[in-house]
Structures are given as C-alpha cells and as structure tokens.
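K.L.:
Handing over work-v6.csv, CSV, C-alpha atoms.
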```csv
chain,number,residue,atom,x,y,z
S,1,MET,CA,143.1,176.7,166.7
S,2,THR,CA,139.7,176.4,168.4
S,3,LEU,CA,138.0,177.4,165.2
S,4,LEU,CA,139.8,174.7,163.3
S,5,ILE,CA,138.7,172.1,165.9
S,6,LEU,CA,135.1,173.3,165.7
S,7,VAL,CA,135.1,173.1,161.9
S,8,ILE,CA,136.5,169.5,162.1
S,9,ALA,CA,134.0,168.6,164.8
S,10,PHE,CA,131.0,170.0,162.9
S,11,SER,CA,132.2,168.2,159.8
S,12,LEU,CA,132.3,165.0,161.8
S,13,LEU,CA,128.8,165.7,163.2
S,14,LEU,CA,127.4,166.1,159.7
S,15,LEU,CA,129.3,163.0,158.6
S,16,GLY,CA,127.7,161.2,161.5
S,17,LEU,CA,124.3,162.2,160.3
S,18,LEU,CA,125.2,160.9,156.8
S,19,GLY,CA,126.7,157.8,158.4
S,20,SER,CA,123.3,157.1,160.0
S,21,ILE,CA,122.0,156.4,156.5
S,22,ILE,CA,125.0,155.2,154.6
S,23,PRO,CA,126.2,151.7,155.5
S,24,GLY,CA,129.8,151.3,156.4
S,25,LEU,CA,130.0,154.7,158.1
S,26,PRO,CA,129.2,154.3,161.8
S,27,GLY,CA,127.1,157.5,162.3
S,28,PRO,CA,126.7,157.8,166.0
S,29,PRO,CA,130.3,156.9,166.9
S,30,ILE,CA,131.5,159.6,164.5
S,31,SER,CA,129.1,162.1,166.0
S,32,TYR,CA,130.3,161.1,169.5
S,33,LEU,CA,133.9,161.5,168.4
S,34,ALA,CA,133.0,165.1,167.4
S,35,VAL,CA,131.5,165.8,170.8
S,36,LEU,CA,134.7,164.5,172.5
S,37,LEU,CA,136.8,166.8,170.2
S,38,ILE,CA,134.7,169.8,171.3
S,39,HIS,CA,134.9,168.8,174.9
S,40,PHE,CA,138.7,168.2,175.1
S,41,PHE,CA,140.0,170.7,172.6
S,42,THR,CA,137.8,173.8,172.9
S,43,GLY,CA,136.5,175.9,175.8
S,44,THR,CA,133.1,174.1,175.6
S,45,GLN,CA,132.7,171.6,178.4
S,46,PHE,CA,130.1,168.9,178.6
S,47,SER,CA,129.4,167.3,182.0
S,48,ALA,CA,130.9,163.9,182.8
S,49,SER,CA,127.5,162.4,183.2
S,50,PHE,CA,126.6,163.7,179.7
S,51,LEU,CA,129.7,162.2,178.1
S,52,TRP,CA,129.2,158.8,179.9
S,53,THR,CA,125.5,158.6,179.2
S,54,TRP,CA,125.8,159.4,175.5
S,55,GLY,CA,128.9,157.1,175.2
S,56,ILE,CA,126.8,154.3,176.5
S,57,ILE,CA,123.8,155.2,174.3
S,58,VAL,CA,126.1,155.3,171.3
S,59,ALA,CA,127.5,151.9,172.1
S,60,ILE,CA,124.1,150.4,172.6
S,61,VAL,CA,122.8,151.9,169.3
S,62,PHE,CA,125.9,150.7,167.5
S,63,VAL,CA,125.3,147.1,168.6
S,64,LEU,CA,121.5,147.4,168.0
S,65,ASP,CA,122.1,148.6,164.5
S,66,TYR,CA,123.7,145.3,163.6
S,67,THR,CA,121.4,143.1,165.5
S,68,LEU,CA,118.1,144.6,164.5
S,69,GLN,CA,118.6,143.8,160.9
S,70,ALA,CA,119.4,140.2,161.6
S,71,TRP,CA,116.6,140.0,164.1
S,72,GLY,CA,114.1,141.2,161.6
S,73,VAL,CA,115.3,138.7,159.0
S,74,LYS,CA,115.3,135.7,161.4
S,75,LYS,CA,112.0,136.7,163.1
S,76,PHE,CA,110.3,136.5,159.8
S,77,GLY,CA,112.0,133.3,158.6
S,78,GLY,CA,114.9,134.6,156.5
S,79,GLY,CA,118.6,133.7,156.5
S,80,ARG,CA,122.0,134.9,155.3
S,81,LYS,CA,121.0,135.5,151.7
S,82,SER,CA,118.1,137.8,152.8
S,83,THR,CA,120.5,139.8,155.0
S,84,ILE,CA,123.1,140.1,152.2
S,85,GLY,CA,120.3,141.1,149.8
S,86,THR,CA,119.2,143.9,152.1
S,87,PHE,CA,122.7,145.4,152.1
S,88,VAL,CA,123.1,145.0,148.4
S,89,GLY,CA,119.7,146.6,147.9
S,90,LEU,CA,120.8,149.4,150.1
S,91,PHE,CA,124.0,150.1,148.1
S,92,VAL,CA,122.0,150.1,144.9
S,93,GLY,CA,119.4,152.3,146.5
S,94,LEU,CA,122.1,154.9,147.3
S,95,LEU,CA,122.2,155.5,143.6
S,96,PHE,CA,118.6,156.7,143.6
S,97,PRO,CA,118.1,158.8,146.7
S,98,PRO,CA,115.9,159.4,148.7
S,99,ILE,CA,113.3,156.7,147.6
S,100,GLY,CA,116.0,154.2,146.7
S,101,LEU,CA,117.2,154.2,150.3
S,102,LEU,CA,113.8,152.8,151.3
S,103,ILE,CA,112.9,150.6,148.4
S,104,GLY,CA,116.5,149.2,147.8
S,105,PRO,CA,116.8,147.3,151.0
S,106,PHE,CA,113.3,145.9,150.8
S,107,VAL,CA,113.8,144.7,147.2
S,108,GLY,CA,117.2,143.3,148.0
S,109,ALA,CA,115.8,141.4,151.0
S,110,PHE,CA,112.9,140.1,148.9
S,111,LEU,CA,115.3,138.8,146.2
S,112,GLY,CA,117.6,137.3,148.7
S,113,ALA,CA,114.7,135.6,150.5
S,114,LEU,CA,113.3,134.4,147.2
S,115,SER,CA,116.5,132.5,146.5
S,116,GLU,CA,116.4,131.0,150.0
S,117,VAL,CA,112.7,129.9,150.0
S,118,LYS,CA,112.8,128.6,146.4
S,119,GLY,CA,109.9,130.5,144.9
S,120,ASP,CA,107.6,130.9,147.9
S,121,ASN,CA,106.6,134.6,147.2
S,122,ASN,CA,104.5,135.0,150.4
S,123,ARG,CA,107.3,133.8,152.7
S,124,ALA,CA,109.9,135.9,150.8
S,125,LEU,CA,107.6,139.0,151.2
S,126,LYS,CA,107.4,138.3,155.0
S,127,VAL,CA,111.2,138.1,155.2
S,128,ALA,CA,111.6,141.3,153.2
S,129,ILE,CA,109.1,143.1,155.5
S,130,GLY,CA,111.0,141.9,158.6
S,131,SER,CA,114.4,142.9,157.1
S,132,PHE,CA,112.9,146.3,156.2
S,133,ILE,CA,111.5,146.8,159.7
S,134,GLY,CA,114.9,146.0,161.2
S,135,PHE,CA,116.7,148.4,158.7
S,136,VAL,CA,114.4,151.3,159.3
S,137,THR,CA,114.4,150.9,163.1
S,138,GLY,CA,118.2,150.9,163.1
S,139,THR,CA,118.4,153.9,160.8
S,140,VAL,CA,115.9,155.9,162.9
S,141,LEU,CA,117.8,155.1,166.1
S,142,LYS,CA,121.1,156.2,164.5
S,143,LEU,CA,119.7,159.3,163.0
S,144,GLY,CA,118.1,160.2,166.3
S,145,VAL,CA,121.3,159.8,168.3
S,146,SER,CA,123.4,161.7,165.7
S,147,ALA,CA,120.8,164.5,165.5
S,148,VAL,CA,120.7,164.9,169.3
S,149,LEU,CA,124.5,165.0,169.5
S,150,LEU,CA,124.5,167.7,166.8
S,151,SER,CA,121.8,169.7,168.6
S,152,TYR,CA,123.5,169.5,172.0
S,153,SER,CA,126.8,170.5,170.4
S,154,ILE,CA,125.2,173.6,168.8
S,155,TYR,CA,123.4,174.5,172.1
S,156,TYR,CA,126.5,174.1,174.3
S,157,ILE,CA,128.7,176.1,171.9
S,158,TRP,CA,126.4,179.0,171.2
S,159,PHE,CA,124.3,179.3,174.4
```
As a first step, turn the structure in this file into structure tokens.
P.N.:
Amino acid sequence: MTLLILVIAFSLLLLGLLGSIIPGLPGPPISYLAVLLIHFFTGTQFSASFLWTWGIIVAIVFVLDYTLQAWGVKKFGGGRKSTIGTFVGLFVGLLFPPIGLLIGPFVGAFLGALSEVKGDNNRALKVAIGSFIGFVTGTVLKLGVSAVLLSYSIYYIWF
C-alpha cells in the first residue's frame, strides 16, 4: 500500500511541476497535496513546522500567481483584453513548446493591448512587456516551490 501511495504522490509532484507551467493546473497546491499524502499515509514524516511553513508559502504563491499577471498589465497601462490576450497566447504557445510558452503570452498580451489602445504600438508593447514580466515571475515562483517540494520529498524518503 505504501508503494502505491508513493507512486501517486510522485505522480502528483510531477503534475505539480507541469502545473507550474500549464495554466489551469495549480502546480504548487498539487505538489503540496503530494507532500501531505506522503506525510499522512507512509512512514515518512515531515515536521509540523515544515508542513505549516510550506502550506503558507504555497497559499501565498497561489495568490501571487493570479495577482502578478494583473499587476504587470495594470502597471504598464493595460486592461482586461491584455490579460485575456496573455492567457490565449499561452494556450496557443502550448502547441509550440518550449519557445511558444515564452512567446505566446507576450504576443497575446500585445494583440490584446493593441485592441485596447487603438493602434498605439509603443503603448501596446509596454503593456505586453508588463504582462510578460508578471507571467514569467509567477511561473518562476510556482516552478521553484514545486521543485523544492519534490526535492524535499525525495530527500525525506530516501535519506
């Protein structure tokens, strides 16, 4: 039974890493769920402070992921269409990994901003840069948290 739990947990940890890149999959919460599975259903025990600290970090990163994108768009003068364009660009970019994951959100934000600012290419470019900065920052945070949870899980199980 323990082996089955570990297989499920590591599948969730890997899904958490993927979810850090793919929108719609909350990467760090999935990774944290895996850590909880390991803690409660195997012989591996994490400390209470570890679980609480990483639970809080996961919650903060989850909230930041959604706010950084909007902050980047608003900070650089964009609006709703720019944000929607970023997400559409990301989904299209998923078809062309890995470069599409970087270029897609930027192009999507640019096109969304262009429709908002009525042809002001310079302003649309600024909005796209802001959206891109927010997207990349959120993705790096999510990847970092999910990677650390995976690393700690491997360490606690095997060492």
K.L.:
So how many Å separate CA of Val88 in chain S and CA of Gln69 in chain S, to one decimal?
P.N.:
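Between CA of Val88 in chain S and CA of Gln69 in chain S the gap is 13.3 Å.
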K.L.:
Identify which of the residues S:Leu25, S:Val58, S:Ile133, S:Ile157 lies closest to Leu12 in chain S, counting only C-alpha atoms when measuring atom-to-atom distances.
P.N.:
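Smallest separation from Leu12 in chain S among the options: S:Leu25.
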K.L.:
Of the residues S:Val63, S:Val73, S:Leu4, S:Ser11, which is the one nearest to Lys142 in chain S, using all atoms listed in the file?
P.N.:
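Selected residue with least distance to Lys142 in chain S: S:Val63.
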K.L.:
Could you jot down the CA of Ala59 in chain S to CA of Phe10 in chain S separation for me, Å, one decimal place?
P.N.:
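Between CA of Ala59 in chain S and CA of Phe10 in chain S the gap works out to 20.6 Å.
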K.L.:
Have a look at S:Val145, S:Ala109, S:Ile129, S:Val117 and name the one nearest to Ile30 in chain S; count only C-alpha atoms.
P.N.:
S:Val145
K.L.:
Please tell me which residues are no farther than 9 Å from (136.2, 176.2, 169.0) in the file, counting all atoms listed in the file, and write them as an MDAnalysis selection string.
P.N.:
chainID S and resid 1:7 9 38 41:44 157
K.L.:
May I ask for the distance between CA of Thr137 in chain S and CA of Pro26 in chain S, given in Å to one decimal place?
P.N.:
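Computing it gives 15.2 Å between the two atoms.
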K.L.:
Near Lys74 in chain S, within 9 Å and counting all atoms listed in the file, which residues show up once chain neighbours fewer than 3 positions away are dropped, as a ChimeraX atom specification?
P.N.:
/S:69-71,77-79,127,130-131
K.L.:
Rank nothing, just name the residue among S:Ile8, S:Leu68, S:Leu90, S:Val148 nearest to Gly134 in chain S, using all atoms listed in the file.
P.N.:
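Nearest to Gly134 in chain S: S:Leu68.
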K.L.:
Counting only C-alpha atoms, figure out which residue out of S:Phe40, S:Trp54, S:Phe159, S:Phe46 gets nearest to Ser146 in chain S.
P.N.:
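The closest residue to Ser146 in chain S is S:Trp54.
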K.L.:
Taking only residues of range 31-116 of chain S that have an atom at most 12 Å from an atom of range 121-126 of chain S, what is each one's shortest atom pair and its distance in Å to one decimal, using only C-alpha atoms, in chain and number order, as CSV?
P.N.:
```
residue,atom,partner,partner_atom,distance
S:Gly72,CA,S:Lys126,CA,9.8
S:Val73,CA,S:Lys126,CA,8.9
S:Lys74,CA,S:Lys126,CA,10.5
S:Lys75,CA,S:Lys126,CA,9.5
S:Phe76,CA,S:Lys126,CA,5.9
S:Gly77,CA,S:Arg123,CA,7.6
S:Gly78,CA,S:Ala124,CA,7.7
S:Gly79,CA,S:Ala124,CA,10.6
S:Lys81,CA,S:Ala124,CA,11.1
S:Ser82,CA,S:Ala124,CA,8.7
S:Gly85,CA,S:Ala124,CA,11.7
S:Phe106,CA,S:Leu125,CA,9.0
S:Val107,CA,S:Leu125,CA,9.3
S:Gly108,CA,S:Ala124,CA,10.8
S:Ala109,CA,S:Ala124,CA,8.1
S:Phe110,CA,S:Ala124,CA,5.5
S:Leu111,CA,S:Ala124,CA,7.7
S:Gly112,CA,S:Ala124,CA,8.1
S:Ala113,CA,S:Ala124,CA,4.8
S:Leu114,CA,S:Ala124,CA,5.2
S:Ser115,CA,S:Ala124,CA,8.6
S:Glu116,CA,S:Ala124,CA,8.2
```
K.L.:
Any chance you could export the current selection's C-alpha atoms as a short mmCIF file (atom, residue, chain, number, x, y, z; two decimals), in the coordinates of the input?
P.N.:
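Resulting contents of result06.cif:
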```cif
data_model
loop_
_atom_site.label_atom_id
_atom_site.label_comp_id
_atom_site.auth_asym_id
_atom_site.auth_seq_id
_atom_site.Cartn_x
_atom_site.Cartn_y
_atom_site.Cartn_z
CA GLY S 72 114.10 141.20 161.60
CA VAL S 73 115.30 138.70 159.00
CA LYS S 74 115.30 135.70 161.40
CA LYS S 75 112.00 136.70 163.10
CA PHE S 76 110.30 136.50 159.80
CA GLY S 77 112.00 133.30 158.60
CA GLY S 78 114.90 134.60 156.50
CA GLY S 79 118.60 133.70 156.50
CA LYS S 81 121.00 135.50 151.70
CA SER S 82 118.10 137.80 152.80
CA GLY S 85 120.30 141.10 149.80
CA PHE S 106 113.30 145.90 150.80
CA VAL S 107 113.80 144.70 147.20
CA GLY S 108 117.20 143.30 148.00
CA ALA S 109 115.80 141.40 151.00
CA PHE S 110 112.90 140.10 148.90
CA LEU S 111 115.30 138.80 146.20
CA GLY S 112 117.60 137.30 148.70
CA ALA S 113 114.70 135.60 150.50
CA LEU S 114 113.30 134.40 147.20
CA SER S 115 116.50 132.50 146.50
CA GLU S 116 116.40 131.00 150.00
#
```
